[in-house]
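Asker: I am sharing model.pdb, which consists of PDB, C-alpha atoms and all ligand atoms:
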ATOM      1  CA  ARG A1119      95.962 101.786 111.635
ATOM      2  CA  ILE A1120      99.169 102.964 113.214
ATOM      3  CA  VAL A1121     100.929 105.562 111.082
ATOM      4  CA  TYR A1122     104.379 107.097 111.273
ATOM      5  CA  VAL A1123     104.673 110.886 111.621
ATOM      6  CA  ASN A1124     108.022 112.542 112.222
ATOM      7  CA  GLY A1125     109.430 110.030 114.666
ATOM      8  CA  ASP A1126     106.174 108.882 116.271
ATOM      9  CA  TYR A1127     103.954 105.855 115.704
ATOM     10  CA  LEU A1128     100.395 107.067 116.240
ATOM     11  CA  PRO A1129      96.794 105.966 115.741
ATOM     12  CA  GLU A1130      95.794 107.611 112.446
ATOM     13  CA  ALA A1131      93.282 109.940 114.166
ATOM     14  CA  ASP A1132      96.125 111.440 116.229
ATOM     15  CA  ALA A1133      98.501 111.914 113.277
ATOM     16  CA  LYS A1134      98.723 115.595 112.293
ATOM     17  CA  ILE A1135     100.819 117.853 110.090
ATOM     18  CA  SER A1136     100.880 121.655 109.720
ATOM     19  CA  VAL A1137      98.533 123.618 107.439
ATOM     20  CA  PHE A1138     101.751 125.323 106.268
ATOM     21  CA  ASP A1139     103.458 122.097 105.250
ATOM     22  CA  ARG A1140     104.805 122.639 101.730
ATOM     23  CA  GLY A1141     103.758 119.141 100.787
ATOM     24  CA  PHE A1142     100.178 120.310 101.327
ATOM     25  CA  LEU A1143     100.538 123.806  99.788
ATOM     26  CA  PHE A1144     102.886 123.095  96.827
ATOM     27  CA  ALA A1145     103.063 119.301  96.490
ATOM     28  CA  ASP A1146     106.656 120.010  97.555
ATOM     29  CA  ALA A1147     107.134 116.393  98.542
ATOM     30  CA  VAL A1148     108.287 113.084  97.140
ATOM     31  CA  TYR A1149     107.083 109.593  97.899
ATOM     32  CA  GLU A1150     107.695 105.893  97.460
ATOM     33  CA  VAL A1151     105.322 102.929  97.525
ATOM     34  CA  THR A1152     107.008  99.648  98.439
ATOM     35  CA  SER A1153     105.026  96.456  98.116
ATOM     36  CA  VAL A1154     104.909  93.904 100.912
ATOM     37  CA  LEU A1155     104.768  90.196 100.228
ATOM     38  CA  ASP A1156     104.833  87.481 102.916
ATOM     39  CA  GLY A1157     105.536  90.237 105.453
ATOM     40  CA  ARG A1158     108.674  91.356 103.583
ATOM     41  CA  LEU A1159     109.474  94.532 101.656
ATOM     42  CA  VAL A1160     109.936  93.951  97.928
ATOM     43  CA  ASP A1161     113.031  95.593  96.380
ATOM     44  CA  PHE A1162     113.463  98.162  99.156
ATOM     45  CA  PRO A1163     117.011  99.104  98.016
ATOM     46  CA  GLY A1164     115.554 100.062  94.619
ATOM     47  CA  HIS A1165     112.948 102.292  96.248
ATOM     48  CA  LEU A1166     115.591 103.926  98.458
ATOM     49  CA  ALA A1167     117.786 104.620  95.429
ATOM     50  CA  ARG A1168     114.906 106.259  93.572
ATOM     51  CA  LEU A1169     113.908 108.230  96.685
ATOM     52  CA  HIS A1170     117.407 109.705  96.815
ATOM     53  CA  ARG A1171     117.227 110.570  93.136
ATOM     54  CA  SER A1172     113.896 112.403  93.672
ATOM     55  CA  LEU A1173     115.201 114.148  96.801
ATOM     56  CA  GLY A1174     118.366 115.230  95.003
ATOM     57  CA  ALA A1175     116.434 116.779  92.100
ATOM     58  CA  LEU A1176     114.477 118.952  94.549
ATOM     59  CA  GLU A1177     117.294 119.693  97.019
ATOM     60  CA  LEU A1178     115.327 117.862  99.704
ATOM     61  CA  THR A1179     116.683 115.805 102.580
ATOM     62  CA  THR A1180     115.224 113.019 104.710
ATOM     63  CA  PRO A1181     115.013 113.154 108.487
ATOM     64  CA  LEU A1182     116.179 109.490 108.603
ATOM     65  CA  ASP A1183     119.092 107.741 106.921
ATOM     66  CA  ASP A1184     118.558 104.562 104.871
ATOM     67  CA  ALA A1185     118.892 102.217 107.850
ATOM     68  CA  GLY A1186     116.416 104.379 109.773
ATOM     69  CA  LEU A1187     113.945 104.341 106.875
ATOM     70  CA  GLU A1188     114.130 100.568 106.613
ATOM     71  CA  GLU A1189     113.734 100.168 110.373
ATOM     72  CA  MET A1190     110.689 102.478 110.282
ATOM     73  CA  HIS A1191     109.128 100.402 107.459
ATOM     74  CA  ARG A1192     109.653  97.169 109.403
ATOM     75  CA  GLU A1193     108.206  98.708 112.561
ATOM     76  CA  LEU A1194     105.080  99.806 110.638
ATOM     77  CA  LEU A1195     104.651  96.287 109.235
ATOM     78  CA  LYS A1196     104.941  94.859 112.730
ATOM     79  CA  ARG A1197     102.609  97.344 114.416
ATOM     80  CA  ASN A1198      99.969  96.882 111.702
ATOM     81  CA  ARG A1199     100.524  93.129 111.307
ATOM     82  CA  LEU A1200     100.765  93.670 107.562
ATOM     83  CA  THR A1201     101.827  90.690 105.484
ATOM     84  CA  GLU A1202     100.535  91.693 102.027
ATOM     85  CA  GLY A1203     100.019  95.168 100.600
ATOM     86  CA  ALA A1204     102.215  98.248 100.590
ATOM     87  CA  VAL A1205     103.970 100.882 102.632
ATOM     88  CA  TYR A1206     103.547 104.491 101.479
ATOM     89  CA  MET A1207     106.260 106.904 102.584
ATOM     90  CA  GLN A1208     106.369 110.638 101.916
ATOM     91  CA  VAL A1209     109.099 113.186 102.517
ATOM     92  CA  THR A1210     108.024 116.829 102.487
ATOM     93  CA  ARG A1211     110.052 120.004 102.756
ATOM     94  CA  GLY A1212     108.120 120.793 105.928
ATOM     95  CA  ALA A1213     106.277 123.878 107.155
ATOM     96  CA  ALA A1214     107.232 127.421 106.152
ATOM     97  CA  ASP A1215     105.424 130.686 105.420
ATOM     98  CA  ARG A1216     103.887 130.369 101.940
ATOM     99  CA  ASP A1217     106.437 131.414  99.304
ATOM    100  CA  PHE A1218     107.307 129.898  95.910
ATOM    101  CA  ALA A1219     111.018 129.925  96.732
ATOM    102  CA  TYR A1220     112.192 127.067  98.902
ATOM    103  CA  PRO A1221     112.625 128.279 102.486
ATOM    104  CA  ALA A1222     116.249 128.861 103.562
ATOM    105  CA  SER A1223     115.680 126.392 106.367
ATOM    106  CA  SER A1224     112.789 124.114 107.208
ATOM    107  CA  GLU A1225     112.498 120.804 109.025
ATOM    108  CA  PRO A1226     111.798 118.098 106.438
ATOM    109  CA  GLY A1227     108.777 116.000 107.329
ATOM    110  CA  LEU A1228     108.378 112.242 107.022
ATOM    111  CA  VAL A1229     105.110 110.349 107.141
ATOM    112  CA  ALA A1230     104.340 106.722 106.297
ATOM    113  CA  PHE A1231     101.462 104.288 106.494
ATOM    114  CA  THR A1232     100.544 100.776 105.423
ATOM    115  CA  GLN A1233      97.820  99.681 103.023
ATOM    116  CA  ALA A1234      96.575  96.100 103.083
ATOM    117  CA  LYS A1235      95.899  94.716  99.592
ATOM    118  CA  ALA A1236      95.690  91.284  98.006
ATOM    119  CA  LEU A1237      98.589  91.432  95.549
ATOM    120  CA  ILE A1238      98.823  87.769  94.556
ATOM    121  CA  GLU A1239      95.123  86.878  94.366
ATOM    122  CA  SER A1240      94.271  90.059  92.487
ATOM    123  CA  PRO A1241      90.978  89.984  90.530
ATOM    124  CA  THR A1242      92.294  92.516  87.976
ATOM    125  CA  ALA A1243      95.360  90.373  87.335
ATOM    126  CA  ALA A1244      93.135  87.402  86.558
ATOM    127  CA  LYS A1245      90.892  89.173  84.067
ATOM    128  CA  GLY A1246      93.119  92.004  82.886
ATOM    129  CA  ILE A1247      92.328  95.699  82.566
ATOM    130  CA  ARG A1248      90.915  97.909  79.831
ATOM    131  CA  VAL A1249      92.706 101.180  79.132
ATOM    132  CA  ILE A1250      91.916 104.277  77.118
ATOM    133  CA  SER A1251      94.461 106.750  75.771
ATOM    134  CA  VAL A1252      94.518 110.346  76.994
ATOM    135  CA  GLN A1253      96.776 113.283  76.285
ATOM    136  CA  ASP A1254      99.697 113.433  78.713
ATOM    137  CA  ILE A1255      98.799 116.595  80.629
ATOM    138  CA  ARG A1256     101.399 116.136  83.393
ATOM    139  CA  TRP A1257     104.451 118.289  84.053
ATOM    140  CA  ALA A1258     107.714 117.526  82.246
ATOM    141  CA  ARG A1259     109.670 115.930  85.159
ATOM    142  CA  ARG A1260     107.827 112.658  85.593
ATOM    143  CA  ASP A1261     111.099 111.004  86.596
ATOM    144  CA  ILE A1262     110.812 112.786  89.966
ATOM    145  CA  LYS A1263     108.268 110.948  92.107
ATOM    146  CA  THR A1264     106.446 113.969  93.542
ATOM    147  CA  THR A1265     103.043 114.021  95.224
ATOM    148  CA  GLN A1266     101.770 116.320  92.473
ATOM    149  CA  LEU A1267      99.289 113.713  91.226
ATOM    150  CA  LEU A1268      96.191 115.616  90.116
ATOM    151  CA  GLY A1269      96.859 115.031  86.396
ATOM    152  CA  PRO A1270      97.007 111.244  86.820
ATOM    153  CA  SER A1271      94.038 111.409  89.183
ATOM    154  CA  MET A1272      91.906 113.386  86.679
ATOM    155  CA  CYS A1273      92.844 111.037  83.853
ATOM    156  CA  LYS A1274      92.084 107.938  85.907
ATOM    157  CA  MET A1275      88.595 109.395  86.472
ATOM    158  CA  ILE A1276      88.196 110.116  82.734
ATOM    159  CA  ALA A1277      89.009 106.432  82.130
ATOM    160  CA  LYS A1278      86.569 105.252  84.814
ATOM    161  CA  LYS A1279      83.776 107.459  83.467
ATOM    162  CA  ALA A1280      84.425 106.007  80.006
ATOM    163  CA  GLY A1281      83.915 102.523  81.479
ATOM    164  CA  ALA A1282      87.617 101.586  81.381
ATOM    165  CA  ASP A1283      89.985 100.754  84.253
ATOM    166  CA  ASP A1284      92.882 103.087  83.587
ATOM    167  CA  ALA A1285      94.404 105.531  81.117
ATOM    168  CA  TRP A1286      97.621 105.409  79.114
ATOM    169  CA  PHE A1287      99.185 108.813  78.525
ATOM    170  CA  VAL A1288     100.151 109.764  74.975
ATOM    171  CA  GLU A1289     102.616 112.520  74.125
ATOM    172  CA  GLU A1290     103.638 113.500  70.589
ATOM    173  CA  GLY A1291     102.006 110.347  69.284
ATOM    174  CA  PHE A1292     103.735 107.902  71.635
ATOM    175  CA  VAL A1293     102.640 106.232  74.857
ATOM    176  CA  THR A1294     104.555 107.526  77.871
ATOM    177  CA  GLU A1295     103.089 105.382  80.690
ATOM    178  CA  GLY A1296      99.925 104.642  82.652
ATOM    179  CA  THR A1297      98.482 106.971  85.309
ATOM    180  CA  SER A1298     100.364 105.078  88.043
ATOM    181  CA  ASN A1299     102.259 102.352  86.214
ATOM    182  CA  ASN A1300     104.633 101.669  83.332
ATOM    183  CA  ALA A1301     103.178 100.497  80.004
ATOM    184  CA  TRP A1302     104.401  97.485  78.025
ATOM    185  CA  ILE A1303     103.516  95.575  74.862
ATOM    186  CA  ILE A1304     104.597  92.207  73.496
ATOM    187  CA  THR A1305     105.015  92.145  69.735
ATOM    188  CA  ALA A1306     103.885  89.327  67.452
ATOM    189  CA  ASP A1307     107.494  88.089  67.228
ATOM    190  CA  GLY A1308     107.815  87.961  71.012
ATOM    191  CA  ALA A1309     109.750  91.142  71.822
ATOM    192  CA  ILE A1310     108.833  92.761  75.113
ATOM    193  CA  VAL A1311     108.669  96.518  74.584
ATOM    194  CA  THR A1312     108.562  99.379  77.079
ATOM    195  CA  ARG A1313     109.424 103.027  76.715
ATOM    196  CA  ASN A1314     113.062 104.015  77.272
ATOM    197  CA  LEU A1315     113.951 105.926  80.442
ATOM    198  CA  SER A1316     113.886 109.737  80.302
ATOM    199  CA  ALA A1317     112.164 112.591  82.128
ATOM    200  CA  ALA A1318     108.964 111.588  80.275
ATOM    201  CA  ILE A1319     108.263 108.645  82.596
ATOM    202  CA  LEU A1320     108.788 107.434  86.120
ATOM    203  CA  HIS A1321     111.692 105.009  86.315
ATOM    204  CA  GLY A1322     109.666 102.123  87.693
ATOM    205  CA  ILE A1323     111.293  99.766  90.162
ATOM    206  CA  THR A1324     108.997  96.974  88.987
ATOM    207  CA  ARG A1325     109.873  97.866  85.369
ATOM    208  CA  ALA A1326     113.588  97.405  86.091
ATOM    209  CA  ALA A1327     112.987  94.093  87.895
ATOM    210  CA  VAL A1328     110.741  92.703  85.148
ATOM    211  CA  MET A1329     113.324  93.661  82.524
ATOM    212  CA  THR A1330     116.050  91.807  84.417
ATOM    213  CA  TYR A1331     113.931  88.688  84.973
ATOM    214  CA  ALA A1332     112.676  88.625  81.370
ATOM    215  CA  GLU A1333     116.198  88.892  79.963
ATOM    216  CA  ALA A1334     117.475  86.233  82.363
ATOM    217  CA  ALA A1335     114.682  83.960  81.103
ATOM    218  CA  GLY A1336     115.910  84.472  77.537
ATOM    219  CA  MET A1337     113.204  86.907  76.427
ATOM    220  CA  ARG A1338     114.072  89.884  74.215
ATOM    221  CA  VAL A1339     113.416  93.303  75.764
ATOM    222  CA  GLU A1340     113.314  96.483  73.669
ATOM    223  CA  GLU A1341     113.327  99.914  75.309
ATOM    224  CA  ARG A1342     111.654 102.292  72.873
ATOM    225  CA  PRO A1343     108.498 104.374  72.504
ATOM    226  CA  PHE A1344     105.429 102.796  70.865
ATOM    227  CA  THR A1345     102.136 104.182  69.574
ATOM    228  CA  ILE A1346      98.574 103.285  70.533
ATOM    229  CA  ALA A1347      98.139 101.791  67.030
ATOM    230  CA  GLU A1348     101.144  99.498  67.552
ATOM    231  CA  ALA A1349      99.824  98.530  71.001
ATOM    232  CA  GLN A1350      96.376  97.728  69.590
ATOM    233  CA  GLY A1351      98.011  95.406  67.074
ATOM    234  CA  ALA A1352     100.326  93.807  69.646
ATOM    235  CA  ALA A1353     100.019  90.191  70.780
ATOM    236  CA  GLU A1354      99.752  91.228  74.445
ATOM    237  CA  ALA A1355     100.104  94.260  76.679
ATOM    238  CA  PHE A1356     100.547  94.808  80.385
ATOM    239  CA  ILE A1357     101.376  97.326  83.093
ATOM    240  CA  THR A1358     103.864  97.183  85.953
ATOM    241  CA  SER A1359     103.939  98.898  89.341
ATOM    242  CA  ALA A1360     104.589  98.112  92.993
ATOM    243  CA  SER A1361     100.854  97.726  93.528
ATOM    244  CA  ALA A1362      99.931  95.960  90.259
ATOM    245  CA  PHE A1363     103.077  93.823  89.852
ATOM    246  CA  VAL A1364     102.508  92.612  86.273
ATOM    247  CA  THR A1365      98.845  93.136  85.298
ATOM    248  CA  PRO A1366      97.547  92.259  81.816
ATOM    249  CA  VAL A1367      95.941  94.869  79.555
ATOM    250  CA  VAL A1368      93.239  93.232  77.430
ATOM    251  CA  GLU A1369      91.731  96.223  75.625
ATOM    252  CA  ILE A1370      93.037  99.571  74.373
ATOM    253  CA  ASP A1371      90.600 102.303  73.275
ATOM    254  CA  GLY A1372      87.893  99.676  72.776
ATOM    255  CA  VAL A1373      90.075  97.346  70.686
ATOM    256  CA  PRO A1374      90.597  93.920  72.271
ATOM    257  CA  LEU A1375      94.142  92.524  72.157
ATOM    258  CA  GLY A1376      94.311  89.053  70.640
ATOM    259  CA  ASP A1377      91.312  87.107  71.949
ATOM    260  CA  GLY A1378      90.658  89.710  74.660
ATOM    261  CA  ALA A1379      91.972  87.525  77.484
ATOM    262  CA  PRO A1380      95.283  87.840  79.392
ATOM    263  CA  GLY A1381      98.076  86.375  77.263
ATOM    264  CA  PRO A1382     100.562  83.597  78.074
ATOM    265  CA  VAL A1383     103.742  85.716  78.065
ATOM    266  CA  THR A1384     102.206  88.255  80.445
ATOM    267  CA  LYS A1385     101.105  85.415  82.750
ATOM    268  CA  ARG A1386     104.611  83.976  82.675
ATOM    269  CA  LEU A1387     106.167  87.375  83.458
ATOM    270  CA  ARG A1388     103.777  87.855  86.370
ATOM    271  CA  GLU A1389     104.658  84.418  87.767
ATOM    272  CA  LEU A1390     108.378  85.101  87.269
ATOM    273  CA  TYR A1391     108.098  88.452  89.025
ATOM    274  CA  ILE A1392     106.216  86.977  91.996
ATOM    275  CA  ALA A1393     108.589  84.012  92.300
ATOM    276  CA  GLU A1394     111.657  86.316  92.242
ATOM    277  CA  SER A1395     110.084  88.751  94.729
ATOM    278  CA  ARG A1396     109.409  86.260  97.516
TER
HETATM  279  N1  LIG B   1     102.959 104.356  91.223
HETATM  280  N2  LIG B   1     104.679 105.333  86.555
HETATM  281  C1  LIG B   1     103.980 106.124  87.402
HETATM  282  C2  LIG B   1     103.455 107.416  86.901
HETATM  283  C3  LIG B   1     103.761 105.696  88.730
HETATM  284  O1  LIG B   1     103.071 106.463  89.574
HETATM  285  C4  LIG B   1     104.265 104.428  89.146
HETATM  286  C5  LIG B   1     104.092 103.929  90.558
HETATM  287  C6  LIG B   1     104.974 103.659  88.219
HETATM  288  C7  LIG B   1     105.567 102.307  88.576
HETATM  289  O2  LIG B   1     106.671 102.432  89.425
HETATM  290  P1  LIG B   1     107.050 101.261  90.446
HETATM  291  O3  LIG B   1     107.173 100.024  89.642
HETATM  292  O4  LIG B   1     108.313 101.701  91.025
HETATM  293  O5  LIG B   1     105.914 101.172  91.445
HETATM  294  C8  LIG B   1     105.166 104.141  86.937
HETATM  295  C9  LIG B   1     102.798 103.993  92.627
HETATM  296  C10 LIG B   1     102.628 102.529  92.847
HETATM  297  C11 LIG B   1     101.671 104.820  93.225
HETATM  298  O6  LIG B   1     101.665 106.007  92.928
HETATM  299  O7  LIG B   1     100.860 104.306  93.989
END
Kindly transcribe the structure held in the file into structure tokens.

Answerer:
Amino acid sequence: RIVYVNGDYLPEADAKISVFDRGFLFADAVYEVTSVLDGRLVDFPGHLARLHRSLGALELTTPLDDAGLEEMHRELLKRNRLTEGAVYMQVTRGAADRDFAYPASSEPGLVAFTQAKALIESPTAAKGIRVISVQDIRWARRDIKTTQLLGPSMCKMIAKKAGADDAWFVEEGFVTEGTSNNAWIITADGAIVTRNLSAAILHGITRAAVMTYAEAAGMRVEERPFTIAEAQGAAEAFITSASAFVTPVVEIDGVPLGDGAPGPVTKRLRELYIAESR
């Protein structure tokens, strides 16, 4: 793989960053994952907008402007001949002597790489995933897309060890989101429900797109918190993210939803999302 590091395109073995990089020492870094379909970036303007929001919250800057970031993404796709998968991009505050206060001046760092993945012919999308609920142990600013991902990583492992595919976080009795995706349910009367935006969740780019497409198709979308009990009694459930698109959830804490197979509305939303994204 050819990766991007601070202005250079390098074989991954030659790509290096400092031991003192604050991204490494403090997770003082933000990131974006943009999916790639048919060799094209999906909703890149949305990812740029969220990147700027994350950067702003942490008083971080990027070494490249928006046009430069897009050009860099395209160059990575070309050099890696990637047609389906994702581009991961990370902005860090750069290297400085270890101190909790942000350094007065440091060179922000930018790295990016591609990941090939079958997004359309996804086996999990065909059969759906099983989730378990876990306490939301993450920090309180989940709306900032930082690389501080050990909480989600631990909880994903708890889910895997329990024989499930992923975990849904629960806080004060309500589902916040999945470890790396937004959580949705479809009620018996056909309303599509996902938690309202706040600092409790990441403002998913796929979430926003699915909401728009669902409403345009005449479906009713409700933005509000829901409980695990409500989700277990729902007609269908699903998750959204740049890497999962729309992926059905067929079981929550051991309780199958409906007949335990991916539901028709979820399938329709997935097809809608894919059709609109290409
Ligand atoms: N994760 N919520 C969390 C906690 C996430 O990490 C993600 C994305 C989402 C969905 O956001 P979007 O639709 O913009 O991808 C929601 C990415 C894919 C990741 O960390 O790999």

Asker: Which residues form the shell of 9 Å around ligand LIG 1 (chain B) when you count only C-alpha atoms and all ligand atoms, given as a PDB file with C-alpha atoms, in the frame of the given file?

Answerer:
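Listed below is the output, part_32.pdb:
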ATOM      1  CA  TYR A1149     107.083 109.593  97.899  1.00  0.00           C
ATOM      2  CA  GLU A1150     107.695 105.893  97.460  1.00  0.00           C
ATOM      3  CA  VAL A1151     105.322 102.929  97.525  1.00  0.00           C
ATOM      4  CA  THR A1152     107.008  99.648  98.439  1.00  0.00           C
ATOM      5  CA  SER A1153     105.026  96.456  98.116  1.00  0.00           C
ATOM      6  CA  GLY A1164     115.554 100.062  94.619  1.00  0.00           C
ATOM      7  CA  HIS A1165     112.948 102.292  96.248  1.00  0.00           C
ATOM      8  CA  ARG A1168     114.906 106.259  93.572  1.00  0.00           C
ATOM      9  CA  ALA A1204     102.215  98.248 100.590  1.00  0.00           C
ATOM     10  CA  TYR A1206     103.547 104.491 101.479  1.00  0.00           C
ATOM     11  CA  ARG A1260     107.827 112.658  85.593  1.00  0.00           C
ATOM     12  CA  ASP A1261     111.099 111.004  86.596  1.00  0.00           C
ATOM     13  CA  LYS A1263     108.268 110.948  92.107  1.00  0.00           C
ATOM     14  CA  THR A1265     103.043 114.021  95.224  1.00  0.00           C
ATOM     15  CA  LEU A1267      99.289 113.713  91.226  1.00  0.00           C
ATOM     16  CA  PRO A1270      97.007 111.244  86.820  1.00  0.00           C
ATOM     17  CA  THR A1294     104.555 107.526  77.871  1.00  0.00           C
ATOM     18  CA  GLU A1295     103.089 105.382  80.690  1.00  0.00           C
ATOM     19  CA  GLY A1296      99.925 104.642  82.652  1.00  0.00           C
ATOM     20  CA  THR A1297      98.482 106.971  85.309  1.00  0.00           C
ATOM     21  CA  SER A1298     100.364 105.078  88.043  1.00  0.00           C
ATOM     22  CA  ASN A1299     102.259 102.352  86.214  1.00  0.00           C
ATOM     23  CA  ASN A1300     104.633 101.669  83.332  1.00  0.00           C
ATOM     24  CA  ALA A1301     103.178 100.497  80.004  1.00  0.00           C
ATOM     25  CA  ILE A1319     108.263 108.645  82.596  1.00  0.00           C
ATOM     26  CA  LEU A1320     108.788 107.434  86.120  1.00  0.00           C
ATOM     27  CA  HIS A1321     111.692 105.009  86.315  1.00  0.00           C
ATOM     28  CA  GLY A1322     109.666 102.123  87.693  1.00  0.00           C
ATOM     29  CA  ILE A1323     111.293  99.766  90.162  1.00  0.00           C
ATOM     30  CA  THR A1324     108.997  96.974  88.987  1.00  0.00           C
ATOM     31  CA  ARG A1325     109.873  97.866  85.369  1.00  0.00           C
ATOM     32  CA  ALA A1326     113.588  97.405  86.091  1.00  0.00           C
ATOM     33  CA  ALA A1327     112.987  94.093  87.895  1.00  0.00           C
ATOM     34  CA  ILE A1357     101.376  97.326  83.093  1.00  0.00           C
ATOM     35  CA  THR A1358     103.864  97.183  85.953  1.00  0.00           C
ATOM     36  CA  SER A1359     103.939  98.898  89.341  1.00  0.00           C
ATOM     37  CA  ALA A1360     104.589  98.112  92.993  1.00  0.00           C
ATOM     38  CA  SER A1361     100.854  97.726  93.528  1.00  0.00           C
ATOM     39  CA  ALA A1362      99.931  95.960  90.259  1.00  0.00           C
ATOM     40  CA  PHE A1363     103.077  93.823  89.852  1.00  0.00           C
TER      41      PHE A1363
END

Asker: What does the PyMOL selection byres (((chain A and resi 1371) around 8) and not hetatm) select in this file, as a list in words?

Answerer: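 When the PyMOL selection byres (((chain A and resi 1371) around 8) and not hetatm) is applied to the shown file, the picked residues are Arg1248, Val1249, Ile1250, Ser1251, Glu1369, Ile1370, Gly1372 and Val1373 of chain A.
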
Asker: Please report the interatomic distance between CA of Leu1182 (chain A) and CA of Gly1212 (chain A) in Å with one decimal.

Answerer: 14.1 Å

Asker: List as a list in words: which residues have an atom within 6 Å of (102.5, 93.5, 82.6), counting all atoms listed in the file?

Answerer: Phe1356, Ile1357, Thr1358, Val1364, Thr1365, Pro1366 and Thr1384 of chain A

Asker: Could you check the closest approach to Glu1225 (chain A) for each of A:Gly1203, A:Pro1382, A:Pro1181, A:Gly1125 and tell me which residue wins, using all atoms listed in the file?

Answerer: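 With all atoms listed in the file as the atom set, the closest residue is A:Pro1181.
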
Asker: With the input short on atoms, add N, CA and C atoms back to region 1225-1245 of chain A and write it as a PDB file, keeping the file's coordinate frame.

Answerer:
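selection_38.pdb, freshly written:
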ATOM      1  N   GLU A1225     112.327 122.184 108.558  1.00  0.00           N
ATOM      2  CA  GLU A1225     112.498 120.804 109.025  1.00  0.00           C
ATOM      3  C   GLU A1225     111.800 119.882 108.037  1.00  0.00           C
ATOM      4  N   PRO A1226     112.520 119.010 107.328  1.00  0.00           N
ATOM      5  CA  PRO A1226     111.798 118.098 106.438  1.00  0.00           C
ATOM      6  C   PRO A1226     110.875 117.181 107.241  1.00  0.00           C
ATOM      7  N   GLY A1227     109.743 116.863 106.665  1.00  0.00           N
ATOM      8  CA  GLY A1227     108.777 116.000 107.329  1.00  0.00           C
ATOM      9  C   GLY A1227     108.793 114.610 106.716  1.00  0.00           C
ATOM     10  N   LEU A1228     108.442 113.614 107.517  1.00  0.00           N
ATOM     11  CA  LEU A1228     108.378 112.242 107.022  1.00  0.00           C
ATOM     12  C   LEU A1228     107.134 111.577 107.588  1.00  0.00           C
ATOM     13  N   VAL A1229     106.275 111.105 106.693  1.00  0.00           N
ATOM     14  CA  VAL A1229     105.110 110.349 107.141  1.00  0.00           C
ATOM     15  C   VAL A1229     105.071 109.026 106.374  1.00  0.00           C
ATOM     16  N   ALA A1230     104.462 108.024 106.970  1.00  0.00           N
ATOM     17  CA  ALA A1230     104.340 106.722 106.297  1.00  0.00           C
ATOM     18  C   ALA A1230     103.167 105.956 106.874  1.00  0.00           C
ATOM     19  N   PHE A1231     102.564 105.138 106.032  1.00  0.00           N
ATOM     20  CA  PHE A1231     101.462 104.288 106.494  1.00  0.00           C
ATOM     21  C   PHE A1231     101.398 103.038 105.638  1.00  0.00           C
ATOM     22  N   THR A1232     100.678 102.041 106.150  1.00  0.00           N
ATOM     23  CA  THR A1232     100.544 100.776 105.423  1.00  0.00           C
ATOM     24  C   THR A1232      99.176 100.729 104.738  1.00  0.00           C
ATOM     25  N   GLN A1233      99.094  99.950 103.683  1.00  0.00           N
ATOM     26  CA  GLN A1233      97.820  99.681 103.023  1.00  0.00           C
ATOM     27  C   GLN A1233      97.743  98.183 102.758  1.00  0.00           C
ATOM     28  N   ALA A1234      96.742  97.534 103.330  1.00  0.00           N
ATOM     29  CA  ALA A1234      96.575  96.100 103.083  1.00  0.00           C
ATOM     30  C   ALA A1234      95.951  95.919 101.699  1.00  0.00           C
ATOM     31  N   LYS A1235      96.458  94.963 100.921  1.00  0.00           N
ATOM     32  CA  LYS A1235      95.899  94.716  99.592  1.00  0.00           C
ATOM     33  C   LYS A1235      96.289  93.303  99.153  1.00  0.00           C
ATOM     34  N   ALA A1236      95.368  92.606  98.537  1.00  0.00           N
ATOM     35  CA  ALA A1236      95.690  91.284  98.006  1.00  0.00           C
ATOM     36  C   ALA A1236      96.463  91.476  96.699  1.00  0.00           C
ATOM     37  N   LEU A1237      97.762  91.209  96.733  1.00  0.00           N
ATOM     38  CA  LEU A1237      98.589  91.432  95.549  1.00  0.00           C
ATOM     39  C   LEU A1237      98.663  90.186  94.669  1.00  0.00           C
ATOM     40  N   ILE A1238      98.692  89.013  95.314  1.00  0.00           N
ATOM     41  CA  ILE A1238      98.823  87.769  94.556  1.00  0.00           C
ATOM     42  C   ILE A1238      97.478  87.369  93.958  1.00  0.00           C
ATOM     43  N   GLU A1239      96.461  87.265  94.832  1.00  0.00           N
ATOM     44  CA  GLU A1239      95.123  86.878  94.366  1.00  0.00           C
ATOM     45  C   GLU A1239      94.359  88.121  93.926  1.00  0.00           C
ATOM     46  N   SER A1240      94.891  88.817  92.928  1.00  0.00           N
ATOM     47  CA  SER A1240      94.271  90.059  92.487  1.00  0.00           C
ATOM     48  C   SER A1240      93.254  89.781  91.380  1.00  0.00           C
ATOM     49  N   PRO A1241      92.003  90.225  91.559  1.00  0.00           N
ATOM     50  CA  PRO A1241      90.978  89.984  90.530  1.00  0.00           C
ATOM     51  C   PRO A1241      91.332  90.645  89.191  1.00  0.00           C
ATOM     52  N   THR A1242      91.957  91.840  89.236  1.00  0.00           N
ATOM     53  CA  THR A1242      92.294  92.516  87.976  1.00  0.00           C
ATOM     54  C   THR A1242      93.393  91.755  87.232  1.00  0.00           C
ATOM     55  N   ALA A1243      94.295  91.127  88.004  1.00  0.00           N
ATOM     56  CA  ALA A1243      95.360  90.373  87.335  1.00  0.00           C
ATOM     57  C   ALA A1243      94.793  89.159  86.615  1.00  0.00           C
ATOM     58  N   ALA A1244      93.736  88.587  87.171  1.00  0.00           N
ATOM     59  CA  ALA A1244      93.135  87.402  86.558  1.00  0.00           C
ATOM     60  C   ALA A1244      92.399  87.756  85.269  1.00  0.00           C
ATOM     61  N   LYS A1245      91.688  88.876  85.272  1.00  0.00           N
ATOM     62  CA  LYS A1245      90.892  89.173  84.067  1.00  0.00           C
ATOM     63  C   LYS A1245      91.490  90.259  83.178  1.00  0.00           C
TER      64      LYS A1245
END
